Amino acid sequence: MAEQGFRTCSVTGLKVHLPAERLIKANAVTAIIFIAIGGAAALLAALTRWPAVHLLGPEWFYRVLTAHGFDMLIVWIIFFEIAALYLGSAVLLSVRIAAPLVGWVAYILMLGGAVLVNIMVLAGKSDVLFTSYPPLMAHPLFYLGVILFAVGALIGVALFFATLYKARKEKTYTHQSFPLVTFGLFAAACIAVTTLLHGAGIYIPTLLWSLGIIHDIDPSAYRLVWWGLGHSSQQINVTAMISVWYLIGALSVGMKPINEKLCRTAFVLYILFIDVASEHHLLVDPVFGNAHKIWNTGYVMHLAVLASMIHALAVPAGIEVALRKQGYTKGLFEWFKMAPWGNPAFSATVWSIFIFGFLAGITGVVFGNEQINMTAHNTWRITGHFHATVVGGTTIAFMGVTYYILPLIFRRQIWALSLARIQPWLYGIGITMLSASMMLAGAYGIPRRHWDIANFGGSPFAFAWDPTVYIWLGVFGIAALLAVAGGIIYVAVSAGTLLWGKKVE
Amino acid sequence: MSIYPPDKVWWKPIDREEKIWLVIALIWLSFTFFLMPVLHVYGRQNPPALSYRVTPERFEALSNEFIEKYRVLGSDGQPVAINGVPVVHPQPGGDAYIVARAWSWQPILELEKGKPYRIHLSSLDFQHGFSIYPLNMNFMAIPGEDYILRITPTSSGEFSILCNEYCGIGHHTMVGKLIVR
Ligand code: HEM
Ligand SMILES: [Cu+2]
Ligand SMILES: [Cu+2]
């Protein structure tokens, strides 16, 4: 007989607290709704930047670009992360969530904030892009929306910490430490606190400025603090993504970390050293001297990169060891051939590791170099780089874990499993091509956030690009269509599962 | 498994394979770690790092003074302009100004190949991105900051300057020119 308010998961044997489960469901469903909105905006933006189509006019292009950046980078990712935090605390530790009501307050603040921002953007009152660099000014409700969202997220993170504390006090887990996945999410949550504080620190004055209460927002100071939000949040994403790799590894092949000590140390390195790296966004800004720029972006950052290198071996090696234990020991690669490729969560993880490792991480370190950054800053090299990190890495990993959340938390069998099986491939191939083509076009100087690279809106100074860029822009267009198709399948499979998926008992 | 608490004793020594990998990673990271300062000393191009605070009004006044002083005059004695933007030939070795405002770059500098210049870059309104084509060099033009680019042109010809930081609805029309003789 299960304890009141709990059920026992038949797959993992974990006790699942039902109010926590409801919160996970709400946050996950909302995340998926926003990836659908952000994906529609992605399609429109991509069809405009594909010179062969050039779909929207300038107003709507910058408008959907604002919506795309915000709905994807902030709303989809953070809602999903909050769901993951509740999963990593209450479910993995078999404990009651500390205060379900607080979880709902957080949820409503985040949802309200996200809706408010979207309304202000789509109503044409906030064409400032998601970075909202002053002195471009948005409607005050845009800034208020961002603040509500950040405060809600911060409350969600606090609830995660409170739940960990409760588990510790009630000794709901054996031995001395959390499971590795929870530990990784704990690192992500620590980074989230500083990140969201930067967000509040910059958006509260900006809100007051838009209301006329403060007269000036210093543009270069804004950039410094804003990137404490904008870049540090990418570090939450990396850390959460790696935790998800360990989670899917455990569920799909029974992976054990080869060395718990090393994996955990790597997560600690993230907490300690990743924040300062944010300043690589300011490498070609005035204000800071070279010594400062080199120190922050070059030196300290490497200890965070070391952490990524540790996981880069630990995760694939853990998978290999687990599969060899299952008896796939022939030759060097039998384990790889016999891996559960039919499991979309597994193939999504492999794509995530591949894109993050080879496309995202390496280009990040390269473009973060002081000299190379001069040729990359604000070009499509950067946009290509971060579509590899946050889309090819984090988003695909989150899509993969959805294929476990659906049966284990929503308790529905995946609807249209064969579609789900091709989804990571379609999305993975699409994003690989997308970010590679963006980076290649960017190498010629193709700017990001630009409505008309062909004619410059009729400027008399218009010039012609090296024609090679049009090859890459063509590849980009096709890649965007593939990726959007993969995104549509993801949303359709999720929605179909909730509507028509067979109930799992 | 990584979803369950670790074994009772999990603080175990690191395996040989992981140790080898750690060493490789550390060697590689030390390489990129030292690359940046080494390139900074021995490389030919570095991001400029000298800047001063300046109000947009003051920057505008200084740049107007500069444009007046060094304007290129045509054979008819009239100031030369291309598409309405004045062409200016600064003193080699001296200061020059590039002003970003929504949505134009002022003036058109005419530089001499092989001569050093101190170019002052700033914005009078929004944040703009100074991107020079086909060289593909990119720097921020931020209101309130006078960013000094110390450059010596090494190739001659006409270069385009485009804005690559979003600066409002006319952002994509913000193109300018720079000439090296
Ligand atoms: C189907 C998948 C996607 C496609 C086709 C796509 C396409 C695009 C395009 C065309 C741009 C505009 C580039 C520019 O004009 O400079 C863009 C910008 C951006 N995308 Fe995506 N994207 C996709 C998914 C995502 C996801 C999942 C995220 C985040 C999790 C994301 C985050 C961003 C961000 C942050 C920007 C920058 C916006 C800005 O510069 O203000 N994208 N994307
Ligand atoms: Cu501009
Ligand atoms: Cu611009």
# chains A, B, ... in the order shown; residues from 1 in each chain; ligands from 1
call {"tool": "select_by_dssp", "arguments": {"residues": "range 108-161 of chain B", "states": "strand (DSSP E or B)", "output": "MDAnalysis selection string"}}
result
chainID B and resid 108:111 117:123 128:133 137:141 145:151 157:161
call {"tool": "residues_near_ligand", "arguments": {"ligand": "ligand 2", "cutoff": "10 Å", "atoms": "only C-alpha atoms and all ligand atoms", "output": "PyMOL selection string"}}
result
chain B and resi 100-105+123+125-130+140-141+162-175
call {"tool": "residues_around", "arguments": {"residues": "range 50-63 of chain B", "least_positions_apart": "6", "cutoff": "8 Å", "atoms": "only C-alpha atoms", "output": "PyMOL selection string"}}
result
(chain A and resi 286-289) or (chain B and resi 97-99+122-125+143-149)
call {"tool": "closest_atom_pairs", "arguments": {"of": "chain A", "to": "ligand 3", "cutoff": "12 Å", "atoms": "only C-alpha atoms and all ligand atoms", "output": "Markdown table"}}
result
| residue | atom | partner | partner_atom_place_in_ligand_line | distance |
| --- | --- | --- | --- | --- |
| A:Tyr62 | CA | ligand 3 | 1 (Cu) | 11.6 |
| A:Val128 | CA | ligand 3 | 1 (Cu) | 11.4 |
| A:Leu129 | CA | ligand 3 | 1 (Cu) | 11.8 |
| A:Tyr133 | CA | ligand 3 | 1 (Cu) | 11.5 |
| A:Leu136 | CA | ligand 3 | 1 (Cu) | 11.2 |
| A:Asn378 | CA | ligand 3 | 1 (Cu) | 10.5 |
| A:Pro447 | CA | ligand 3 | 1 (Cu) | 9.8 |
| A:Arg448 | CA | ligand 3 | 1 (Cu) | 10.1 |
| A:Arg449 | CA | ligand 3 | 1 (Cu) | 8.6 |
| A:His450 | CA | ligand 3 | 1 (Cu) | 8.1 |
| A:Trp451 | CA | ligand 3 | 1 (Cu) | 10.4 |
| A:Asp452 | CA | ligand 3 | 1 (Cu) | 11.7 |
| A:Phe456 | CA | ligand 3 | 1 (Cu) | 11.2 |
call {"tool": "write_last_selection", "arguments": {"atoms": "N, CA and C atoms", "output": "PDB file, in the first residue's frame"}}
result
ATOM      1  N   TYR A  62      11.569  41.827 -37.454  1.00  0.00           N
ATOM      2  CA  TYR A  62      12.199  42.103 -36.158  1.00  0.00           C
ATOM      3  C   TYR A  62      11.272  41.704 -35.013  1.00  0.00           C
ATOM      4  N   VAL A 128      12.395  45.405 -29.735  1.00  0.00           N
ATOM      5  CA  VAL A 128      13.738  45.679 -29.223  1.00  0.00           C
ATOM      6  C   VAL A 128      14.639  44.449 -29.263  1.00  0.00           C
ATOM      7  N   LEU A 129      14.162  43.347 -29.783  1.00  0.00           N
ATOM      8  CA  LEU A 129      14.834  42.053 -29.711  1.00  0.00           C
ATOM      9  C   LEU A 129      15.017  41.647 -28.251  1.00  0.00           C
ATOM     10  N   TYR A 133      18.619  46.105 -25.793  1.00  0.00           N
ATOM     11  CA  TYR A 133      19.703  47.038 -25.492  1.00  0.00           C
ATOM     12  C   TYR A 133      19.187  48.471 -25.431  1.00  0.00           C
ATOM     13  N   LEU A 136      17.291  51.747 -26.937  1.00  0.00           N
ATOM     14  CA  LEU A 136      16.034  51.290 -27.537  1.00  0.00           C
ATOM     15  C   LEU A 136      15.083  51.045 -26.375  1.00  0.00           C
ATOM     16  N   ASN A 378      28.715  39.476 -33.648  1.00  0.00           N
ATOM     17  CA  ASN A 378      27.492  39.947 -34.312  1.00  0.00           C
ATOM     18  C   ASN A 378      27.331  39.492 -35.754  1.00  0.00           C
ATOM     19  N   PRO A 447      25.705  39.518 -41.388  1.00  0.00           N
ATOM     20  CA  PRO A 447      25.351  39.945 -40.030  1.00  0.00           C
ATOM     21  C   PRO A 447      24.171  39.170 -39.477  1.00  0.00           C
ATOM     22  N   ARG A 448      24.098  39.091 -38.155  1.00  0.00           N
ATOM     23  CA  ARG A 448      22.903  38.541 -37.537  1.00  0.00           C
ATOM     24  C   ARG A 448      21.849  39.646 -37.478  1.00  0.00           C
ATOM     25  N   ARG A 449      20.615  39.301 -37.202  1.00  0.00           N
ATOM     26  CA  ARG A 449      19.533  40.255 -36.969  1.00  0.00           C
ATOM     27  C   ARG A 449      19.426  41.273 -38.092  1.00  0.00           C
ATOM     28  N   HIS A 450      19.401  40.835 -39.319  1.00  0.00           N
ATOM     29  CA  HIS A 450      19.435  41.776 -40.435  1.00  0.00           C
ATOM     30  C   HIS A 450      18.351  41.397 -41.428  1.00  0.00           C
ATOM     31  N   TRP A 451      17.490  42.349 -41.772  1.00  0.00           N
ATOM     32  CA  TRP A 451      16.342  42.006 -42.601  1.00  0.00           C
ATOM     33  C   TRP A 451      16.708  41.855 -44.074  1.00  0.00           C
ATOM     34  N   ASP A 452      17.703  42.589 -44.543  1.00  0.00           N
ATOM     35  CA  ASP A 452      17.888  42.660 -45.988  1.00  0.00           C
ATOM     36  C   ASP A 452      19.356  42.699 -46.387  1.00  0.00           C
ATOM     37  N   PHE A 456      19.833  45.910 -48.693  1.00  0.00           N
ATOM     38  CA  PHE A 456      19.969  46.897 -47.620  1.00  0.00           C
ATOM     39  C   PHE A 456      18.833  47.913 -47.661  1.00  0.00           C
TER      40      PHE A 456
END
call {"tool": "residues_near_ligand", "arguments": {"ligand": "ligand 1", "cutoff": "6 Å", "atoms": "only C-alpha atoms and all ligand atoms", "output": "NGL selection string"}}
result
:A and (39 or 42-43 or 45-46 or 65-66 or 69 or 72-73 or 129-130 or 387 or 390-391 or 395 or 448-450 or 480 or 483-484 or 487)
call {"tool": "residues_around", "arguments": {"residues": "range 367-377 of chain A", "least_positions_apart": "2", "cutoff": "8 Å", "atoms": "only C-alpha atoms", "output": "ChimeraX atom specification"}}
result
/A:280,283-284,293-294,297-298,363-365,379-382,442-443,445 /B:36,39-40,45-47,136-139
call {"tool": "select_by_dssp", "arguments": {"residues": "range 287-332 of chain A", "states": "alpha helix (DSSP H)", "output": "tab-separated table (two decimals) with all heavy atoms, in the first residue's frame"}}
result
chain	number	residue	atom	x	y	z
A	290	ASN	N	42.48	45.14	-22.31
A	290	ASN	CA	42.82	43.81	-22.82
A	290	ASN	C	43.08	42.82	-21.69
A	290	ASN	O	42.65	41.67	-21.76
A	290	ASN	CB	44.05	43.87	-23.72
A	290	ASN	CG	43.72	44.50	-25.06
A	290	ASN	OD1	44.28	45.52	-25.42
A	290	ASN	ND2	42.79	43.90	-25.79
A	291	ALA	N	43.79	43.27	-20.67
A	291	ALA	CA	44.14	42.34	-19.60
A	291	ALA	C	42.87	41.78	-18.98
A	291	ALA	O	42.74	40.57	-18.77
A	291	ALA	CB	44.98	43.06	-18.54
A	292	HIS	N	41.92	42.65	-18.76
A	292	HIS	CA	40.65	42.23	-18.17
A	292	HIS	C	39.93	41.24	-19.09
A	292	HIS	O	39.44	40.20	-18.66
A	292	HIS	CB	39.79	43.48	-17.95
A	292	HIS	CG	38.47	43.21	-17.34
A	292	HIS	ND1	38.22	43.39	-16.00
A	292	HIS	CD2	37.32	42.76	-17.88
A	292	HIS	CE1	36.97	43.06	-15.75
A	292	HIS	NE2	36.40	42.68	-16.87
A	293	LYS	N	39.90	41.57	-20.36
A	293	LYS	CA	39.20	40.69	-21.30
A	293	LYS	C	39.87	39.32	-21.37
A	293	LYS	O	39.22	38.28	-21.37
A	293	LYS	CB	39.18	41.32	-22.70
A	293	LYS	CG	38.22	42.52	-22.80
A	293	LYS	CD	38.34	43.21	-24.15
A	293	LYS	CE	37.35	44.36	-24.26
A	293	LYS	NZ	37.54	45.15	-25.49
A	301	MET	N	37.71	30.80	-17.73
A	301	MET	CA	36.78	29.99	-18.49
A	301	MET	C	37.29	28.57	-18.71
A	301	MET	O	36.52	27.63	-18.78
A	301	MET	CB	36.53	30.67	-19.82
A	301	MET	CG	35.45	30.04	-20.63
A	301	MET	SD	35.52	30.69	-22.29
A	301	MET	CE	36.94	29.85	-22.95
A	302	HIS	N	38.61	28.42	-18.83
A	302	HIS	CA	39.14	27.10	-19.17
A	302	HIS	C	38.81	26.05	-18.13
A	302	HIS	O	38.73	24.88	-18.44
A	302	HIS	CB	40.64	27.19	-19.39
A	302	HIS	CG	40.97	27.72	-20.74
A	302	HIS	ND1	41.08	29.06	-21.00
A	302	HIS	CD2	41.16	27.08	-21.92
A	302	HIS	CE1	41.35	29.22	-22.28
A	302	HIS	NE2	41.40	28.04	-22.86
A	303	LEU	N	38.63	26.47	-16.89
A	303	LEU	CA	38.30	25.48	-15.87
A	303	LEU	C	36.87	24.97	-16.07
A	303	LEU	O	36.56	23.82	-15.76
A	303	LEU	CB	38.48	26.07	-14.49
A	303	LEU	CG	39.96	26.30	-14.18
A	303	LEU	CD1	40.14	27.17	-12.95
A	303	LEU	CD2	40.67	24.97	-14.01
A	304	ALA	N	36.02	25.82	-16.61
A	304	ALA	CA	34.67	25.36	-16.94
A	304	ALA	C	34.72	24.45	-18.16
A	304	ALA	O	34.01	23.45	-18.24
A	304	ALA	CB	33.76	26.55	-17.19
A	305	VAL	N	35.60	24.79	-19.12
A	305	VAL	CA	35.73	23.93	-20.29
A	305	VAL	C	36.26	22.56	-19.87
A	305	VAL	O	35.85	21.53	-20.40
A	305	VAL	CB	36.63	24.58	-21.36
A	305	VAL	CG1	36.82	23.64	-22.54
A	305	VAL	CG2	36.03	25.90	-21.82
A	306	LEU	N	37.16	22.55	-18.89
A	306	LEU	CA	37.67	21.27	-18.39
A	306	LEU	C	36.52	20.40	-17.91
A	306	LEU	O	36.48	19.19	-18.17
A	306	LEU	CB	38.67	21.53	-17.25
A	306	LEU	CG	39.24	20.27	-16.59
A	306	LEU	CD1	40.06	19.48	-17.60
A	306	LEU	CD2	40.10	20.62	-15.39
A	307	ALA	N	35.55	21.03	-17.24
A	307	ALA	CA	34.39	20.28	-16.77
A	307	ALA	C	33.67	19.63	-17.95
A	307	ALA	O	33.30	18.45	-17.92
A	307	ALA	CB	33.45	21.20	-16.01
A	308	SER	N	33.50	20.39	-19.04
A	308	SER	CA	32.84	19.82	-20.21
A	308	SER	C	33.63	18.67	-20.79
A	308	SER	O	33.08	17.67	-21.23
A	308	SER	CB	32.64	20.89	-21.28
A	308	SER	OG	31.77	21.88	-20.81
A	309	MET	N	34.97	18.81	-20.78
A	309	MET	CA	35.81	17.73	-21.31
A	309	MET	C	35.64	16.47	-20.46
A	309	MET	O	35.62	15.35	-20.99
A	309	MET	CB	37.28	18.15	-21.31
A	309	MET	CG	37.59	19.37	-22.13
A	309	MET	SD	37.68	19.06	-23.90
A	309	MET	CE	39.33	18.44	-24.07
A	310	ILE	N	35.50	16.64	-19.15
A	310	ILE	CA	35.32	15.47	-18.27
A	310	ILE	C	34.01	14.75	-18.64
A	310	ILE	O	33.99	13.54	-18.86
A	310	ILE	CB	35.33	15.91	-16.79
A	310	ILE	CG1	36.74	16.38	-16.41
A	310	ILE	CG2	34.88	14.75	-15.89
A	310	ILE	CD1	36.83	16.98	-15.02
A	311	HIS	N	32.93	15.52	-18.76
A	311	HIS	CA	31.66	14.89	-19.11
A	311	HIS	C	31.71	14.28	-20.51
A	311	HIS	O	31.06	13.29	-20.79
A	311	HIS	CB	30.52	15.90	-19.04
A	311	HIS	CG	30.26	16.41	-17.66
A	311	HIS	ND1	29.92	15.58	-16.62
A	311	HIS	CD2	30.27	17.66	-17.15
A	311	HIS	CE1	29.75	16.31	-15.53
A	311	HIS	NE2	29.96	17.58	-15.82
A	312	ALA	N	32.46	14.93	-21.40
A	312	ALA	CA	32.52	14.46	-22.78
A	312	ALA	C	33.08	13.05	-22.86
A	312	ALA	O	32.79	12.31	-23.79
A	312	ALA	CB	33.36	15.40	-23.63
A	313	LEU	N	33.93	12.68	-21.90
A	313	LEU	CA	34.38	11.29	-21.87
A	313	LEU	C	33.43	10.45	-21.01
A	313	LEU	O	33.05	9.35	-21.39
A	313	LEU	CB	35.80	11.17	-21.31
A	313	LEU	CG	36.26	9.71	-21.23
A	313	LEU	CD1	36.60	9.19	-22.61
A	313	LEU	CD2	37.44	9.53	-20.30
A	314	ALA	N	33.02	11.00	-19.88
A	314	ALA	CA	32.30	10.20	-18.89
A	314	ALA	C	30.97	9.68	-19.44
A	314	ALA	O	30.60	8.54	-19.17
A	314	ALA	CB	32.07	11.02	-17.62
A	315	VAL	N	30.26	10.51	-20.20
A	315	VAL	CA	28.94	10.07	-20.64
A	315	VAL	C	29.03	8.96	-21.69
A	315	VAL	O	28.48	7.87	-21.49
A	315	VAL	CB	28.09	11.26	-21.11
A	315	VAL	CG1	26.75	10.79	-21.63
A	315	VAL	CG2	27.88	12.24	-19.96
A	316	PRO	N	29.75	9.19	-22.82
A	316	PRO	CA	29.83	8.09	-23.78
A	316	PRO	C	30.48	6.84	-23.18
A	316	PRO	O	30.04	5.72	-23.45
A	316	PRO	CB	30.70	8.66	-24.91
A	316	PRO	CG	30.68	10.13	-24.72
A	316	PRO	CD	30.43	10.39	-23.28
A	317	ALA	N	31.49	7.03	-22.34
A	317	ALA	CA	32.15	5.87	-21.76
A	317	ALA	C	31.19	5.12	-20.85
A	317	ALA	O	31.15	3.89	-20.84
A	317	ALA	CB	33.39	6.31	-20.97
A	318	GLY	N	30.39	5.87	-20.09
A	318	GLY	CA	29.41	5.22	-19.22
A	318	GLY	C	28.43	4.40	-20.02
A	318	GLY	O	28.05	3.28	-19.64
A	319	ILE	N	28.02	4.95	-21.17
A	319	ILE	CA	27.08	4.22	-22.03
A	319	ILE	C	27.75	2.95	-22.55
A	319	ILE	O	27.16	1.86	-22.55
A	319	ILE	CB	26.61	5.13	-23.19
A	319	ILE	CG1	25.74	6.27	-22.63
A	319	ILE	CG2	25.85	4.32	-24.24
A	319	ILE	CD1	25.32	7.29	-23.66
A	320	GLU	N	29.01	3.09	-22.98
A	320	GLU	CA	29.70	1.92	-23.51
A	320	GLU	C	29.82	0.82	-22.45
A	320	GLU	O	29.51	-0.35	-22.71
A	320	GLU	CB	31.10	2.31	-24.03
A	320	GLU	CG	31.89	1.09	-24.49
A	320	GLU	CD	33.26	1.41	-25.06
A	320	GLU	OE1	33.55	2.59	-25.33
A	320	GLU	OE2	34.04	0.45	-25.23
A	321	VAL	N	30.24	1.22	-21.27
A	321	VAL	CA	30.42	0.22	-20.20
A	321	VAL	C	29.09	-0.49	-19.93
A	321	VAL	O	29.03	-1.72	-19.82
A	321	VAL	CB	30.96	0.90	-18.93
A	321	VAL	CG1	30.89	-0.05	-17.74
A	321	VAL	CG2	32.39	1.37	-19.15
A	322	ALA	N	28.01	0.31	-19.86
A	322	ALA	CA	26.71	-0.30	-19.55
A	322	ALA	C	26.31	-1.29	-20.64
A	322	ALA	O	25.81	-2.38	-20.35
A	322	ALA	CB	25.66	0.80	-19.42
A	323	LEU	N	26.55	-0.93	-21.91
A	323	LEU	CA	26.15	-1.82	-22.98
A	323	LEU	C	27.03	-3.06	-23.03
A	323	LEU	O	26.57	-4.17	-23.32
A	323	LEU	CB	26.18	-1.09	-24.32
A	323	LEU	CG	25.00	-0.12	-24.51
A	323	LEU	CD1	25.25	0.83	-25.66
A	323	LEU	CD2	23.71	-0.90	-24.75
A	324	ARG	N	28.32	-2.90	-22.73
A	324	ARG	CA	29.20	-4.06	-22.70
A	324	ARG	C	28.74	-5.02	-21.60
A	324	ARG	O	28.81	-6.24	-21.77
A	324	ARG	CB	30.65	-3.64	-22.47
A	324	ARG	CG	31.31	-3.13	-23.75
A	324	ARG	CD	32.76	-2.72	-23.51
A	324	ARG	NE	33.32	-2.15	-24.72
A	324	ARG	CZ	33.91	-2.87	-25.69
A	324	ARG	NH1	34.02	-4.17	-25.56
A	324	ARG	NH2	34.37	-2.29	-26.76
A	325	LYS	N	28.29	-4.45	-20.50
A	325	LYS	CA	27.79	-5.31	-19.41
A	325	LYS	C	26.59	-6.11	-19.86
A	325	LYS	O	26.32	-7.20	-19.36
A	325	LYS	CB	27.42	-4.46	-18.20
A	325	LYS	CG	28.57	-4.30	-17.25
A	325	LYS	CD	28.11	-3.93	-15.85
A	325	LYS	CE	29.31	-3.54	-15.02
A	325	LYS	NZ	29.16	-2.23	-14.40
